[in-house]
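Working notes, beginning with the structure itself.
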Amino acid sequence: MRNWYDLDPTIAVAILAMGVAAALPRIGGLLLVRSIGPSPLMEAWLRHVPPAMFAAICAPALIKGGPAEWIAALVTLLAARLGGNLAITLICAIATVAGLRAIL
Amino acid sequence: MIQASDTLSSPANFRSEFARGYLICLPIALSVALFGMIYGLLAAQKGLSLVEAVGMCLIVFAGASQLLALELWSLPPAAVTLAIAVFIINLRYLMQTATLGEVLKSWGRFGLVATLFNADENWAVTMTEHQKAPVGPGFFMGSAMALYSFWAGSAGIGWLAGGIAPDAEKYGLGFVGTAVFLFLLQGLAKKKSDLLPILVGAAAAIAAAKLVPGTWFILIGGLAGSLAGLARELLGKQTHA
């Protein structure tokens, strides 16, 4: 049985390797735009990145979620529009899915 | 005249911006903590010590990558394979930090260090706020630290909880991640011109998620949607000229 504070050297090396691998794209993106320098074309493109990527992150999970999550998605959007408060919106979202899962 | 970037980088402003970023990101950090607990639980089952499990959170700080690492776990771990997988999963951060140029401008080279704390959620919150009114490194670091602290803390709690596995799906908790981005999308999409990148991004991501393994769908959807938005903008200018 291992202790809570054990640190296996091979695991430490793997974690460090993963850390470097996760750091490269993070630093790389900012480094890239800085080295290329500002241009109207790139700025116009980067403006469209957030909406496209927000949608890309949640769309596949939503499709897979089935009717309960589809209805909950509408409730979420409505709560976001009316209230604009994240915590309340999330509570509405969770309650809707839990309620619908209990019924459906 | 005082530049916006100068006022944003003053120490007092840094502190208040940091606090604002931390607080705005707090509900999201709480929802991310659910996944952190699941990660900690799995890590304990795979035989990682508490130090190793939480250490991975602090050094790698990437949820999907860490869960995949546990999926592929062996002893000794296949460090090179894991590193390549993590790199590919996190390629989406390239596009995200590329949009942080203005936000991190006042920090100069130090801004590159700040990007180490970029994750989907704090990036999304920062971009949403930046669109309403320009924010600086303080806000970004505040939102990042909310996520960072809750991610590592929840992993530790999950590790300690050991065998108590809650049925998260049944209580609708699996939907939280989706709901966070729906909320952010609603707040961001104010203009009609946002509709095309959203629809193209969603459609491309759904198709990519079916065809390609891993998290490529985020990068593919983000690229397709943003390029569609850019293309329409360029074509619109041409016809109006």
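In the structure tokens, each chain is lettered A, B, ... as it comes, each chain's residues begin at 1, and ligands are numbered from 1 in order of appearance.
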
Identify all chain B residues at most 6 Å from chain A by counting only C-alpha atoms; ligands do not count. Present them as a PyMOL selection string.
chain B and resi 27+49-51+56+59-60+76+79+83+86-87+91+93-95+97-99+112+115-116+171-172+178+181+183+197-198+201-202+205-206+218+221-222+225-226+229-230

So how many Å separate atom CA of B:Gly63 and atom CA of B:Ala209, to one decimal?
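Computing the Euclidean distance for atom CA of B:Gly63 and atom CA of B:Ala209 yields 17.7 Å.
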
Need the shell around stretch 29-43 of chain B: protein/DNA/RNA residues with any atom at most 7 Å away, counting only C-alpha atoms. Skip same-chain ones fewer than 3 positions apart. Format as a ChimeraX atom specification?
/B:25-26,46-48,53,67,70,146-147,150-151,154-159,161-162,176
